[in-house]
Amino acid sequence: NAGVTQTPKFQVLKTGQSMTLQCAQDMNHNSMYWYRQDPGMGLRLIYYSASEGTTDKGEVPNGYNVSRLNKREFSLRLESAAPSQTSVYFCASSRGLAGGEETQYFGPGTRLLVL
Amino acid sequence: GIQVEQSPPDLILQEGANSTLRCNFSDSVNNLQWFHQNPWGQLINLFYIPSGTKQNGRLSATTVATERYSLLYISSSQTTDSGVYFCAASPGYTGGFKTIFGAGTRLFVKA
């Protein structure tokens, strides 16, 4: 049971380049999330997917797009990277069942540097 | 939207000491979680506690939902407890997955 996996672990981009961050979970969870964490700060929600086939904006969605490819996978795309998107990106998942415990389980993170 | 505030921002303890971390939230919540981020950046969930009290070893947490706060207790602290502790909350309505994190409490435990 790998839990939540993220690829790549580390990426350097030039301003204007695009890339997709991949996330997969093997816990049969319905809900998945993308966060960013800037140095010395808490996590901020970019997008979330309450269930397969749905996605919604979080606190800081500008400059990002997401795809819930299937129940296991949730990708985050930067179409035109900017230095302000330099951050550590975390993916998480939770059961996503009404009335149930919604503990979120996190992946190891992707460190992104935009030059 | 909901706001989450944590205190203190920084805490230095001698090994073996006890501590209490506080999380205040501005609106009713249906999800309240505590996480520990270790020095390598890994996020570990400690408690899912929208109300009531839970204990796990040397750690315990209490949430008083009606007064909009949660407390995390660390007893007999160890150097491995060092890191950042985050509180995270989601609003109290159906489909409330829009999670807001506090800024965290940075804990350093000295040997």
# chains A, B, ... in the order shown; residues from 1 in each chain; ligands from 1

call {"tool": "interface_residues", "arguments": {"of": "chain A", "to": "chain B", "cutoff": "8 Å", "atoms": "only C-alpha atoms", "output": "PyMOL selection string"}}
result
chain A and resi 41-45+48+50+58+98+101-109

call {"tool": "residues_around", "arguments": {"residues": "A:Ser93", "least_positions_apart": "5", "cutoff": "8 Å", "atoms": "only C-alpha atoms", "output": "ChimeraX atom specification"}}
result
/A:4,25,29-33,104-106

call {"tool": "atom_distance", "arguments": {"atom1": "atom CA of A:Pro8", "atom2": "atom CA of A:Thr55"}}
result
22.2 Å

call {"tool": "residues_around", "arguments": {"residues": "B:Leu11", "least_positions_apart": "4", "cutoff": "12 Å", "atoms": "only C-alpha atoms", "output": "list of chain:residue names"}}
result
B:Gln6, B:Ser7, B:Ala17, B:Asn18, B:Ser19, B:Thr20, B:Leu21, B:Arg22, B:Ile74, B:Ser77, B:Asp81, B:Ser82, B:Gly83, B:Val84, B:Tyr85, B:Gly104, B:Thr105, B:Arg106, B:Leu107, B:Phe108, B:Val109, B:Lys110

call {"tool": "write_last_selection", "arguments": {"atoms": "C-alpha atoms", "output": "PDB file, in the first residue's frame"}}
result
ATOM      1  CA  GLN B   6      -2.722  29.115  15.637  1.00  0.00           C
ATOM      2  CA  SER B   7      -0.717  30.046  18.705  1.00  0.00           C
ATOM      3  CA  ALA B  17       8.406  19.253  29.116  1.00  0.00           C
ATOM      4  CA  ASN B  18       4.689  19.484  28.334  1.00  0.00           C
ATOM      5  CA  SER B  19       3.034  21.950  25.978  1.00  0.00           C
ATOM      6  CA  THR B  20      -0.344  23.090  24.688  1.00  0.00           C
ATOM      7  CA  LEU B  21      -0.912  24.354  21.159  1.00  0.00           C
ATOM      8  CA  ARG B  22      -4.060  26.274  20.314  1.00  0.00           C
ATOM      9  CA  ILE B  74       2.085  17.182  23.932  1.00  0.00           C
ATOM     10  CA  SER B  77       8.176  15.993  24.731  1.00  0.00           C
ATOM     11  CA  ASP B  81       8.433  15.926  18.271  1.00  0.00           C
ATOM     12  CA  SER B  82      10.247  18.844  16.634  1.00  0.00           C
ATOM     13  CA  GLY B  83       8.687  20.252  13.485  1.00  0.00           C
ATOM     14  CA  VAL B  84       5.634  22.287  12.597  1.00  0.00           C
ATOM     15  CA  TYR B  85       2.151  21.513  13.864  1.00  0.00           C
ATOM     16  CA  GLY B 104       1.360  26.525  12.136  1.00  0.00           C
ATOM     17  CA  THR B 105       3.268  26.323  15.413  1.00  0.00           C
ATOM     18  CA  ARG B 106       6.985  25.664  14.948  1.00  0.00           C
ATOM     19  CA  LEU B 107       8.236  23.463  17.804  1.00  0.00           C
ATOM     20  CA  PHE B 108      11.847  22.788  18.686  1.00  0.00           C
ATOM     21  CA  VAL B 109      12.600  20.302  21.461  1.00  0.00           C
ATOM     22  CA  LYS B 110      16.098  20.540  22.924  1.00  0.00           C
TER      23      LYS B 110
END

call {"tool": "atom_distance", "arguments": {"atom1": "atom CA of A:Cys23", "atom2": "atom CA of A:Asp38"}}
result
19.3 Å

call {"tool": "select_by_dssp", "arguments": {"residues": "chain A", "states": "strand (DSSP E)", "output": "MDAnalysis selection string"}}
result
chainID A and resid 4:7 10:13 19:25 31:37 43:49 56:57 64:68 74:78 87:94 105:106 110:114

call {"tool": "atom_distance", "arguments": {"atom1": "atom CA of B:Asn24", "atom2": "atom CA of B:Gln37"}}
result
19.3 Å

call {"tool": "closest_residue", "arguments": {"among": "B:Ile2, B:Thr66, B:Asp10, B:Glu15", "to": "B:Gln78", "atoms": "only C-alpha atoms"}}
result
B:Glu15

call {"tool": "closest_residue", "arguments": {"among": "A:Ser51, A:Arg77, A:Leu115, A:Glu59", "to": "A:Gly96", "atoms": "only C-alpha atoms"}}
result
A:Ser51
